[in-house]
$ cat target.txt   # compact mmCIF, C-alpha atoms and all ligand atoms
# COMPACT_ATOMS: atom_id res chain seq x y z
CA MET A 1 9.30 -0.43 20.70
CA ALA A 2 6.64 -2.45 22.50
CA LYS A 3 6.89 -6.20 21.88
CA SER A 4 3.27 -6.23 20.81
CA PHE A 5 3.74 -3.48 18.18
CA ILE A 6 1.28 -3.97 15.33
CA ASN A 7 2.75 -2.97 11.99
CA PHE A 8 -0.07 -1.46 9.95
CA ASP A 9 2.62 0.42 8.03
CA ALA A 10 4.19 -2.29 5.88
CA ASN A 11 4.56 -0.03 2.85
CA ALA A 12 6.97 2.05 4.93
CA SER A 13 8.81 -1.08 6.07
CA HIS A 14 7.59 -4.65 6.04
CA GLY A 15 9.48 -5.89 9.10
CA VAL A 16 12.08 -8.62 8.81
CA LEU A 17 10.50 -11.96 7.87
CA PRO A 18 11.16 -14.61 10.55
CA GLU A 19 12.54 -16.88 7.81
CA VAL A 20 15.05 -14.17 6.88
CA GLU A 21 16.14 -13.59 10.47
CA GLU A 22 16.64 -17.29 11.09
CA ALA A 23 18.50 -17.97 7.83
CA LEU A 24 20.77 -14.91 8.28
CA LEU A 25 21.89 -16.14 11.69
CA SER A 26 22.59 -19.60 10.33
CA LYS A 27 24.97 -18.37 7.60
CA GLY A 28 27.86 -17.70 10.00
CA LEU A 29 28.90 -14.58 8.11
CA ARG A 30 31.81 -12.85 9.82
CA TYR A 31 34.09 -11.61 7.07
CA LEU A 32 32.35 -9.05 4.90
CA ASN A 33 34.49 -8.08 1.91
CA PRO A 34 33.59 -10.22 -1.08
CA SER A 35 36.43 -8.72 -3.13
CA SER A 36 39.10 -10.35 -0.94
CA VAL A 37 40.74 -13.33 -2.60
CA HIS A 38 41.02 -15.45 0.56
CA GLN A 39 38.40 -17.86 1.82
CA GLY A 40 36.63 -15.22 3.92
CA GLY A 41 36.06 -13.13 0.80
CA GLN A 42 35.17 -16.15 -1.28
CA TYR A 43 32.48 -17.21 1.16
CA ALA A 44 30.92 -13.73 1.12
CA ARG A 45 31.13 -13.67 -2.72
CA ALA A 46 29.40 -17.04 -2.98
CA LEU A 47 26.54 -15.84 -0.76
CA ILE A 48 26.12 -12.70 -2.85
CA GLU A 49 25.93 -14.72 -6.06
CA GLU A 50 23.41 -17.06 -4.41
CA ALA A 51 21.29 -14.02 -3.53
CA ARG A 52 21.57 -12.76 -7.12
CA GLU A 53 20.25 -16.10 -8.30
CA SER A 54 17.28 -15.84 -5.92
CA VAL A 55 16.31 -12.36 -7.17
CA THR A 56 16.80 -13.55 -10.75
CA ARG A 57 14.45 -16.50 -10.19
CA LEU A 58 11.73 -14.49 -8.43
CA LEU A 59 11.69 -11.83 -11.17
CA GLY A 60 11.90 -14.38 -13.98
CA LEU A 61 14.98 -12.80 -15.56
CA ARG A 62 16.16 -14.20 -18.88
CA GLY A 63 19.19 -13.93 -21.15
CA LYS A 64 21.19 -10.79 -20.48
CA GLN A 65 18.88 -9.38 -17.80
CA ARG A 66 20.99 -8.69 -14.72
CA VAL A 67 20.62 -7.80 -11.04
CA VAL A 68 22.79 -4.98 -9.66
CA PHE A 69 22.86 -4.68 -5.88
CA LEU A 70 23.01 -1.25 -4.31
CA SER A 71 21.92 0.59 -1.17
CA GLY A 72 18.19 0.66 -1.87
CA ALA A 73 15.52 1.83 -4.24
CA THR A 74 16.38 5.49 -3.65
CA GLU A 75 19.85 4.93 -5.06
CA ALA A 76 18.52 2.77 -7.90
CA ASN A 77 15.94 5.39 -8.91
CA ASN A 78 18.53 8.18 -8.66
CA LEU A 79 20.94 6.16 -10.78
CA VAL A 80 18.42 5.69 -13.58
CA ILE A 81 16.81 9.13 -13.53
CA THR A 82 20.14 10.94 -13.73
CA GLN A 83 20.89 8.96 -16.93
CA ALA A 84 18.66 11.41 -18.77
CA LEU A 85 21.82 13.51 -19.09
CA ASN A 86 23.43 10.74 -21.16
CA LEU A 87 20.31 9.60 -22.98
CA CYS A 88 19.06 12.89 -24.39
CA SER A 89 20.83 14.48 -27.34
CA LYS A 90 19.85 17.99 -26.22
CA PRO A 91 17.97 19.72 -23.38
CA ALA A 92 14.20 19.94 -24.02
CA PRO A 93 11.08 20.48 -21.88
CA ASN A 94 10.17 16.78 -22.16
CA ASN A 95 13.49 14.97 -21.78
CA VAL A 96 11.83 12.83 -19.12
CA VAL A 97 8.16 11.87 -18.90
CA ALA A 98 7.15 10.48 -15.50
CA LEU A 99 4.06 9.69 -13.47
CA ALA A 100 3.18 12.56 -11.13
CA VAL A 101 2.72 10.20 -8.16
CA GLU A 102 6.22 8.69 -8.34
CA HIS A 103 8.25 8.40 -5.15
CA PRO A 104 10.44 11.42 -4.22
CA SER A 105 13.50 9.36 -5.19
CA VAL A 106 12.28 9.79 -8.78
CA LEU A 107 10.75 13.27 -8.53
CA ILE A 108 13.56 15.07 -6.68
CA PRO A 109 16.28 13.99 -9.16
CA LEU A 110 13.98 15.36 -11.87
CA GLU A 111 14.07 18.74 -10.10
CA ARG A 112 17.88 18.59 -10.17
CA LEU A 113 17.84 17.78 -13.89
CA ARG A 114 15.58 20.77 -14.49
CA THR A 115 18.21 23.09 -13.01
CA LEU A 116 20.60 21.71 -15.66
CA GLY A 117 18.15 22.44 -18.46
CA TYR A 118 16.72 18.92 -18.83
CA GLY A 119 12.97 19.28 -18.53
CA SER A 120 10.37 16.79 -17.41
CA VAL A 121 6.63 16.37 -17.81
CA LEU A 122 4.55 14.82 -15.02
CA ILE A 123 1.55 12.72 -16.02
CA PRO A 124 -1.46 12.64 -13.66
CA PRO A 125 -2.56 9.13 -12.73
CA ASP A 126 -5.55 9.20 -15.05
CA GLU A 127 -7.55 6.49 -16.81
CA ASN A 128 -5.66 6.32 -20.07
CA LEU A 129 -2.08 6.24 -18.98
CA SER A 130 -0.46 4.95 -22.18
CA GLU A 131 -2.15 7.63 -24.29
CA SER A 132 -1.14 10.33 -21.80
CA PHE A 133 2.49 9.18 -21.80
CA LEU A 134 2.62 8.85 -25.56
CA SER A 135 1.18 12.32 -26.12
CA GLN A 136 4.08 13.85 -24.15
CA CYS A 137 6.94 11.86 -25.70
CA SER A 138 8.96 13.04 -28.68
CA PRO A 139 12.37 12.26 -30.22
CA GLU A 140 13.90 14.53 -27.51
CA THR A 141 12.56 12.29 -24.73
CA GLY A 142 15.22 9.94 -23.37
CA LEU A 143 13.49 8.46 -20.34
CA VAL A 144 10.02 7.43 -19.19
CA ALA A 145 9.35 6.52 -15.55
CA VAL A 146 6.21 4.70 -14.48
CA MET A 147 5.85 2.96 -11.14
CA LEU A 148 4.10 -0.40 -10.83
CA ALA A 149 2.25 0.36 -7.60
CA ASN A 150 1.95 3.51 -5.55
CA ASN A 151 3.17 3.46 -1.95
CA GLU A 152 0.39 5.73 -0.64
CA SER A 153 -2.73 4.96 -2.64
CA GLY A 154 -1.84 1.34 -3.35
CA GLU A 155 -2.97 1.89 -6.94
CA ILE A 156 -1.48 -0.47 -9.53
CA PHE A 157 -0.55 1.06 -12.87
CA SER A 158 -0.56 -0.52 -16.33
CA VAL A 159 3.21 -0.42 -16.78
CA SER A 160 3.37 -2.97 -19.59
CA GLU A 161 0.80 -1.03 -21.65
CA VAL A 162 2.77 2.20 -21.21
CA ALA A 163 6.07 0.47 -22.04
CA THR A 164 4.66 -1.20 -25.15
CA ALA A 165 3.06 2.00 -26.45
CA VAL A 166 6.19 4.09 -25.84
CA LYS A 167 8.62 1.51 -27.25
CA GLU A 168 6.51 0.97 -30.36
CA ARG A 169 6.67 4.64 -31.34
CA TYR A 170 10.03 5.58 -29.75
CA PRO A 171 12.28 2.51 -29.45
CA HIS A 172 15.19 4.68 -28.24
CA ILE A 173 13.42 5.74 -25.00
CA LEU A 174 14.56 3.99 -21.82
CA VAL A 175 11.52 2.92 -19.78
CA HIS A 176 12.07 2.70 -16.04
CA CYS A 177 9.78 1.12 -13.47
CA ASP A 178 9.82 1.49 -9.69
CA GLY A 179 8.60 -1.93 -8.59
CA VAL A 180 9.26 -1.40 -4.88
CA GLN A 181 5.70 -1.69 -3.58
CA ALA A 182 4.53 -4.25 -6.11
CA LEU A 183 7.14 -6.85 -5.23
CA GLY A 184 5.80 -9.29 -2.67
CA ARG A 185 2.26 -7.88 -3.02
CA THR A 186 1.51 -8.79 -6.65
CA SER A 187 2.75 -11.39 -9.05
CA PHE A 188 4.81 -10.14 -11.99
CA SER A 189 7.99 -10.86 -13.88
CA PHE A 190 10.52 -8.40 -15.27
CA PRO A 191 10.14 -9.63 -18.90
CA GLU A 192 6.36 -9.22 -18.86
CA LEU A 193 6.65 -5.55 -17.80
CA GLY A 194 8.55 -4.78 -21.02
CA VAL A 195 10.66 -2.10 -19.30
CA ASP A 196 14.42 -1.56 -19.47
CA THR A 197 15.08 -1.07 -15.77
CA LEU A 198 13.31 -1.98 -12.53
CA THR A 199 14.04 -1.07 -8.92
CA ILE A 200 13.27 -3.13 -5.85
CA SER A 201 13.97 -2.54 -2.15
CA GLY A 202 14.91 -5.05 0.56
CA HIS A 203 13.02 -3.72 3.54
CA LYS A 204 9.69 -3.54 1.71
CA ILE A 205 9.65 -7.33 1.31
CA GLY A 206 10.94 -8.54 4.65
CA ALA A 207 14.70 -8.21 4.14
CA LEU A 208 16.98 -5.67 5.85
CA SER A 209 16.94 -1.96 5.03
CA GLY A 210 19.86 -0.32 3.21
CA VAL A 211 19.81 -2.78 0.34
CA GLY A 212 18.02 -2.93 -2.97
CA ALA A 213 18.55 -3.88 -6.56
CA LEU A 214 18.36 -2.47 -10.03
CA VAL A 215 17.36 -4.92 -12.72
CA ILE A 216 18.80 -4.05 -16.07
CA GLU A 217 19.46 -5.50 -19.51
CA GLU A 218 23.23 -6.03 -19.69
CA ASP A 219 23.92 -3.70 -22.62
CA THR A 220 21.72 -0.80 -21.43
CA LEU A 221 23.63 2.46 -21.43
CA ILE A 222 23.90 3.29 -17.72
CA LYS A 223 26.76 5.27 -16.21
CA PRO A 224 27.48 4.70 -12.51
CA LEU A 225 26.63 7.30 -9.87
CA LEU A 226 29.31 6.13 -7.44
CA LEU A 227 32.84 5.92 -8.74
CA GLY A 228 35.62 3.83 -7.24
CA GLY A 229 36.05 0.06 -7.21
CA PRO A 230 34.85 -2.34 -9.91
CA GLN A 231 32.03 -3.85 -7.82
CA GLU A 232 28.79 -4.89 -9.51
CA LYS A 233 30.47 -4.93 -12.92
CA HIS A 234 31.55 -1.29 -12.52
CA LEU A 235 27.98 -0.09 -12.02
CA ARG A 236 28.13 0.46 -8.27
CA ALA A 237 31.47 1.12 -6.62
CA GLY A 238 31.85 0.36 -2.91
CA THR A 239 32.09 -2.77 -0.78
CA GLU A 240 28.79 -4.61 -1.03
CA ASN A 241 26.34 -4.71 1.88
CA VAL A 242 26.81 -8.45 2.23
CA LEU A 243 24.32 -9.02 5.07
CA GLY A 244 21.72 -6.88 3.36
CA ILE A 245 22.17 -8.61 0.02
CA VAL A 246 21.98 -12.04 1.61
CA SER A 247 18.79 -11.01 3.43
CA LEU A 248 17.30 -9.79 0.13
CA GLY A 249 18.10 -13.12 -1.49
CA ILE A 250 16.45 -15.06 1.33
CA ALA A 251 13.33 -12.85 1.22
CA CYS A 252 13.09 -13.51 -2.53
CA GLU A 253 13.38 -17.25 -1.89
CA VAL A 254 10.58 -17.05 0.67
CA LEU A 255 8.39 -15.11 -1.78
CA TYR A 256 9.19 -17.49 -4.62
CA SER A 257 7.71 -20.37 -2.68
CA SER A 258 4.80 -18.57 -0.98
CA LEU A 259 3.80 -15.49 -2.99
CA SER A 260 0.35 -16.60 -4.14
CA ARG A 261 -0.58 -17.76 -0.63
CA ARG A 262 0.60 -14.43 0.82
CA ILE A 263 -1.29 -12.39 -1.78
CA GLU A 264 -4.47 -14.31 -1.02
CA ALA A 265 -3.98 -13.84 2.73
CA MET A 266 -3.44 -10.08 2.33
CA HIS A 267 -6.57 -9.81 0.16
CA SER A 268 -8.75 -11.46 2.78
CA MET A 269 -7.17 -9.57 5.70
CA ARG A 270 -7.73 -6.27 3.89
CA LYS A 271 -11.32 -7.23 3.12
CA SER A 272 -12.18 -8.19 6.69
CA LEU A 273 -10.42 -5.12 8.12
CA LEU A 274 -12.35 -2.86 5.77
CA LYS A 275 -15.62 -4.54 6.74
CA MET A 276 -14.80 -4.08 10.43
CA LEU A 277 -13.91 -0.40 9.97
CA THR A 278 -16.85 0.56 7.74
CA SER A 279 -19.40 -1.05 10.02
CA ALA A 280 -18.05 0.87 13.05
CA ILE A 281 -17.43 4.15 11.18
CA PRO A 282 -20.15 4.50 8.53
CA ASP A 283 -18.79 7.76 7.08
CA LEU A 284 -15.30 6.32 6.52
CA VAL A 285 -14.16 7.22 2.99
CA VAL A 286 -12.16 4.63 1.09
CA LEU A 287 -9.90 5.82 -1.70
CA LYS A 288 -10.85 3.76 -4.71
CA SER A 289 -8.71 2.76 -7.68
CA LYS A 290 -9.26 0.49 -10.67
CA GLU A 291 -6.71 -1.98 -9.36
CA HIS A 292 -4.99 -1.85 -5.98
CA LEU A 293 -2.44 -3.68 -3.89
CA PRO A 294 -3.93 -6.44 -1.72
CA ASN A 295 -2.41 -5.02 1.46
CA THR A 296 -3.09 -1.28 1.22
CA LEU A 297 -6.05 0.80 2.41
CA SER A 298 -6.06 4.53 1.88
CA LEU A 299 -8.75 5.99 4.11
CA ARG A 300 -10.24 9.23 5.36
CA VAL A 301 -12.51 10.08 8.26
CA PRO A 302 -14.15 13.49 7.79
CA GLY A 303 -13.11 15.85 10.56
CA VAL A 304 -10.31 13.66 11.92
CA LEU A 305 -6.77 14.86 11.28
CA ALA A 306 -4.61 11.96 10.13
CA ASP A 307 -1.49 13.23 11.92
CA ASP A 308 -3.40 13.18 15.24
CA LEU A 309 -4.64 9.68 14.51
CA VAL A 310 -1.07 8.49 13.85
CA VAL A 311 -0.04 9.74 17.32
CA ALA A 312 -3.11 8.31 19.07
CA LEU A 313 -2.58 4.90 17.48
CA ASP A 314 1.11 4.93 18.25
CA LEU A 315 0.20 5.25 21.93
CA GLU A 316 -1.91 2.09 21.48
CA GLY A 317 1.05 0.26 19.89
CA VAL A 318 -0.22 0.43 16.31
CA GLY A 319 1.82 2.00 13.49
CA ILE A 320 0.01 3.64 10.57
CA SER A 321 1.00 6.57 8.37
CA SER A 322 -0.71 9.79 7.39
CA GLY A 323 -1.20 11.44 4.03
CA SER A 324 1.37 14.06 4.92
CA ALA A 325 5.00 13.92 4.06
CA CYS A 326 7.56 15.73 6.13
CA ALA A 327 9.10 18.36 3.88
CA SER A 328 11.65 20.76 5.38
CA GLY A 329 10.61 19.88 8.91
CA LYS A 330 6.90 20.54 8.50
CA PRO A 331 4.22 18.14 7.35
CA GLU A 332 2.93 18.89 3.85
CA PRO A 333 -0.10 17.23 2.27
CA SER A 334 1.00 14.30 0.14
CA HIS A 335 1.82 15.07 -3.51
CA VAL A 336 0.21 11.74 -4.40
CA LEU A 337 -3.22 12.64 -3.01
CA LEU A 338 -3.05 16.15 -4.47
CA ALA A 339 -2.13 14.71 -7.90
CA MET A 340 -5.15 12.42 -7.57
CA GLY A 341 -7.39 15.48 -7.21
CA TYR A 342 -7.87 15.54 -3.45
CA THR A 343 -8.09 18.87 -1.64
CA VAL A 344 -5.51 19.87 0.97
CA ASP A 345 -8.09 19.25 3.73
CA GLU A 346 -8.91 15.80 2.38
CA ALA A 347 -5.22 14.96 2.12
CA LYS A 348 -4.69 16.04 5.73
CA GLN A 349 -7.46 13.66 6.82
CA SER A 350 -6.11 10.76 4.78
CA PHE A 351 -4.24 7.91 6.36
CA ARG A 352 -2.84 4.63 5.11
CA ILE A 353 -3.03 1.17 6.56
CA SER A 354 -0.70 -1.30 4.86
CA LEU A 355 -0.50 -4.90 6.04
CA PRO A 356 2.62 -7.06 6.04
CA SER A 357 2.28 -10.37 4.22
CA SER A 358 3.20 -12.20 7.41
CA MET A 359 0.45 -10.68 9.61
CA SER A 360 -2.06 -12.89 11.44
CA PHE A 361 -5.82 -12.37 11.40
CA SER A 362 -5.84 -11.80 15.17
CA GLU A 363 -3.31 -8.96 14.78
CA VAL A 364 -5.47 -7.42 12.06
CA GLU A 365 -8.49 -7.56 14.37
CA GLU A 366 -6.54 -6.15 17.30
CA GLY A 367 -5.16 -3.31 15.17
CA GLY A 368 -8.56 -2.64 13.60
CA ALA A 369 -10.18 -2.41 17.04
CA ALA A 370 -7.55 0.15 18.08
CA VAL A 371 -8.21 2.23 14.95
CA ILE A 372 -11.95 2.29 15.72
CA ARG A 373 -11.34 3.10 19.40
CA CYS A 374 -9.03 6.02 18.59
CA ILE A 375 -11.31 7.52 15.95
CA LYS A 376 -14.34 7.34 18.25
CA ARG A 377 -12.38 8.86 21.12
CA MET A 378 -11.05 11.68 18.93
CA ARG A 379 -14.52 12.45 17.67
CA ALA A 380 -15.99 12.42 21.18
CA HIS A 381 -13.46 15.10 22.22
CA ASP A 382 -14.29 17.44 19.33
N1 LIG A 401 10.04 3.80 -4.26
C1 LIG A 401 8.92 3.58 -3.57
C2 LIG A 401 7.62 3.40 -4.31
C3 LIG A 401 8.94 3.53 -2.18
O1 LIG A 401 7.81 3.33 -1.49
C4 LIG A 401 10.18 3.72 -1.52
C5 LIG A 401 10.24 3.75 -0.04
O2 LIG A 401 9.37 4.23 0.63
C6 LIG A 401 11.34 3.92 -2.27
C7 LIG A 401 11.22 3.96 -3.65
C8 LIG A 401 12.68 4.11 -1.62
O3 LIG A 401 13.13 2.85 -1.14
P1 LIG A 401 14.41 2.71 -0.19
O4 LIG A 401 13.90 2.86 1.20
O5 LIG A 401 14.94 1.35 -0.48
O6 LIG A 401 15.38 3.76 -0.58
$ encode --input "target.txt" --output "structure tokens" --more "lines below"
Ligand code: PLP
Amino acid sequence: MAKSFINFDANASHGVLPEVEEALLSKGLRYLNPSSVHQGGQYARALIEEARESVTRLLGLRGKQRVVFLSGATEANNLVITQALNLCSKPAPNNVVALAVEHPSVLIPLERLRTLGYGSVLIPPDENLSESFLSQCSPETGLVAVMLANNESGEIFSVSEVATAVKERYPHILVHCDGVQALGRTSFSFPELGVDTLTISGHKIGALSGVGALVIEEDTLIKPLLLGGPQEKHLRAGTENVLGIVSLGIACEVLYSSLSRRIEAMHSMRKSLLKMLTSAIPDLVVLKSKEHLPNTLSLRVPGVLADDLVVALDLEGVGISSGSACASGKPEPSHVLLAMGYTVDEAKQSFRISLPSSMSFSEVEEGGAAVIRCIKRMRAHD
């Protein structure tokens, strides 16, 4: 990768925060099994518990609310979604009610559950989310899943309203929230969401990849996916990813002390980038939502294929992503954009720019200039 690579694809991976890199190197971690009783193990254990404290503080956890470390948000989402088998008294078409634009790590486990007879209903991301969710729930529903912010559109959803409405009528339903994209880009606490479980991912906030956490109330009925050792209070067997967990803790510390400044910076970078792009490309279409992440722009240029733009920009050292997801080796239009009512052609022209919280204004300008250059060049060749 070129040294001057510009990461306009932070929702795919933020990039390791310099503070995280520096602090990781300073920890002198060499022995990596925190279950060992000797001093090597004890040192690793202490660092893991320190990291747990940092996540706890950032998310404002109280009382019996706990952090469980695991391999990432995919595992955390899988772990919760598969609980429908334990939470529902009998198979029904609406055992799970979930937002249609959830990440595949929520949607694909739902497909698996369907093969076992446990049905699910997908709710389009419409205006009145809590009413839509409520209208699909019944005593047979065991689980509701609603993400806090979408990775592609950047739209923020009213999770606390959904959770309150569902819990009021059906207190037995477990409400799950994928908070992956919201963490580090918006300010929220776990208690204010009113959900039972929340997933977060390390590499989306400047920590390493291959680590994430599930936040959970201690007495929630959750059976482990991985069986083996007693790690993470029997909820996640397997030797912990010590380096990853430590990096997640440090990233949470960094966010705890600088989140509002970072959110403000992302807002103004997004605003100036959008101004730059719209003045150079007047027919640029911006995907609008009631409330959106401060770092995400979902865009479309009529006649320009997003996959071609991704390649052209990569050659210029700028990483963006397109509105296509690679399914079975061939790019398919994104389920998110289709669920939002876009046509296949519009989805194929859609691309996403997502800014890391640590980006400088000069990088934004440099990246923006490359986007304009590539689009103009592609159009000139048509
Ligand atoms: N949920 C959302 C909203 C995401 O954007 C992602 C990653 O793209 C995931 C879950 C999966 O996260 P991880 O890479 O930690 O498995």
$ residues_near_ligand --input "target.txt" --ligand "ligand LIG 401 (chain A)" --cutoff "10 Å" --atoms "only C-alpha atoms and all ligand atoms" --output "VMD selection string"
chain A and resid 10 to 13 70 to 78 101 to 106 147 to 152 154 177 to 182 199 to 204 208 to 213
$ atom_distance --input "target.txt" --atom1 "CA of Val304 (chain A)" --atom2 "CA of Met378 (chain A)"
7.3 Å
$ atom_distance --input "target.txt" --atom1 "CA of Ile250 (chain A)" --atom2 "CA of Ala51 (chain A)"
6.9 Å
$ residues_near_point --input "target.txt" --point "(32.1, -9.8, -4.4)" --cutoff "6 Å" --atoms "all atoms listed in the file" --output "PyMOL selection string"
chain A and resi 34-35+45
$ closest_residue --input "target.txt" --among "A:Val96, A:Val159, A:Leu58, A:Ala347" --to "Pro333 (chain A)" --atoms "only C-alpha atoms"
A:Ala347
$ closest_residue --input "target.txt" --among "A:Leu299, A:Ile222, A:Val215, A:Leu193" --to "Phe157 (chain A)" --atoms "all atoms listed in the file"
A:Leu193
$ closest_residue --input "target.txt" --among "A:Gly323, A:Gly194, A:Gly184, A:Pro224" --to "Gly206 (chain A)" --atoms "all atoms listed in the file"
A:Gly184
$ residues_near_point --input "target.txt" --point "(19.9, 9.8, -19.7)" --cutoff "10 Å" --atoms "all atoms listed in the file" --output "list in words"
Leu79, Val80, Ile81, Thr82, Gln83, Ala84, Leu85, Asn86, Leu87, Cys88, Ser89, Asn95, Val96, Tyr118, Thr141, Gly142, Leu143, Ile173, Leu174, Leu221, Ile222 and Lys223 of chain A
$ atom_distance --input "target.txt" --atom1 "CA of Leu293 (chain A)" --atom2 "CA of Glu155 (chain A)"
6.4 Å
$ closest_residue --input "target.txt" --among "A:Leu337, A:Leu309, A:Leu355, A:Cys252" --to "Thr296 (chain A)" --atoms "only C-alpha atoms"
A:Leu355
$ closest_residue --input "target.txt" --among "A:Leu25, A:Ile263, A:Ala237, A:Ala251" --to "Thr186 (chain A)" --atoms "all atoms listed in the file"
A:Ile263
$ residues_around --input "target.txt" --residues "Val68 (chain A)" --least-positions-apart "5" --cutoff "9 Å" --atoms "all atoms listed in the file" --output "ChimeraX atom specification"
/A:52,212-216,232-233,235-236
$ residues_around --input "target.txt" --residues "Ala207 (chain A)" --least-positions-apart "6" --cutoff "12 Å" --atoms "all atoms listed in the file" --output "PDB file with C-alpha atoms, in the coordinates of the input"
ATOM      1  CA  SER A  13       8.810  -1.080   6.070  1.00  0.00           C
ATOM      2  CA  HIS A  14       7.590  -4.650   6.040  1.00  0.00           C
ATOM      3  CA  GLY A  15       9.480  -5.890   9.100  1.00  0.00           C
ATOM      4  CA  VAL A  16      12.080  -8.620   8.810  1.00  0.00           C
ATOM      5  CA  LEU A  17      10.500 -11.960   7.870  1.00  0.00           C
ATOM      6  CA  PRO A  18      11.160 -14.610  10.550  1.00  0.00           C
ATOM      7  CA  GLU A  19      12.540 -16.880   7.810  1.00  0.00           C
ATOM      8  CA  VAL A  20      15.050 -14.170   6.880  1.00  0.00           C
ATOM      9  CA  GLU A  21      16.140 -13.590  10.470  1.00  0.00           C
ATOM     10  CA  GLU A  22      16.640 -17.290  11.090  1.00  0.00           C
ATOM     11  CA  ALA A  23      18.500 -17.970   7.830  1.00  0.00           C
ATOM     12  CA  LEU A  24      20.770 -14.910   8.280  1.00  0.00           C
ATOM     13  CA  ALA A  51      21.290 -14.020  -3.530  1.00  0.00           C
ATOM     14  CA  GLY A  72      18.190   0.660  -1.870  1.00  0.00           C
ATOM     15  CA  GLY A 184       5.800  -9.290  -2.670  1.00  0.00           C
ATOM     16  CA  ILE A 200      13.270  -3.130  -5.850  1.00  0.00           C
ATOM     17  CA  SER A 201      13.970  -2.540  -2.150  1.00  0.00           C
ATOM     18  CA  LEU A 243      24.320  -9.020   5.070  1.00  0.00           C
ATOM     19  CA  GLY A 244      21.720  -6.880   3.360  1.00  0.00           C
ATOM     20  CA  ILE A 245      22.170  -8.610   0.020  1.00  0.00           C
ATOM     21  CA  VAL A 246      21.980 -12.040   1.610  1.00  0.00           C
ATOM     22  CA  SER A 247      18.790 -11.010   3.430  1.00  0.00           C
ATOM     23  CA  LEU A 248      17.300  -9.790   0.130  1.00  0.00           C
ATOM     24  CA  GLY A 249      18.100 -13.120  -1.490  1.00  0.00           C
ATOM     25  CA  ILE A 250      16.450 -15.060   1.330  1.00  0.00           C
ATOM     26  CA  ALA A 251      13.330 -12.850   1.220  1.00  0.00           C
ATOM     27  CA  CYS A 252      13.090 -13.510  -2.530  1.00  0.00           C
ATOM     28  CA  GLU A 253      13.380 -17.250  -1.890  1.00  0.00           C
ATOM     29  CA  VAL A 254      10.580 -17.050   0.670  1.00  0.00           C
ATOM     30  CA  LEU A 255       8.390 -15.110  -1.780  1.00  0.00           C
TER      31      LEU A 255
END
$ closest_residue --input "target.txt" --among "A:Ala306, A:Met1, A:Ala98, A:Leu113" --to "Gln136 (chain A)" --atoms "only C-alpha atoms"
A:Ala98
$ residues_around --input "target.txt" --residues "Ile6 (chain A)" --least-positions-apart "3" --cutoff "9 Å" --atoms "all atoms listed in the file" --output "PyMOL selection string"
chain A and resi 3+9+317-319+359+363-364+366-367
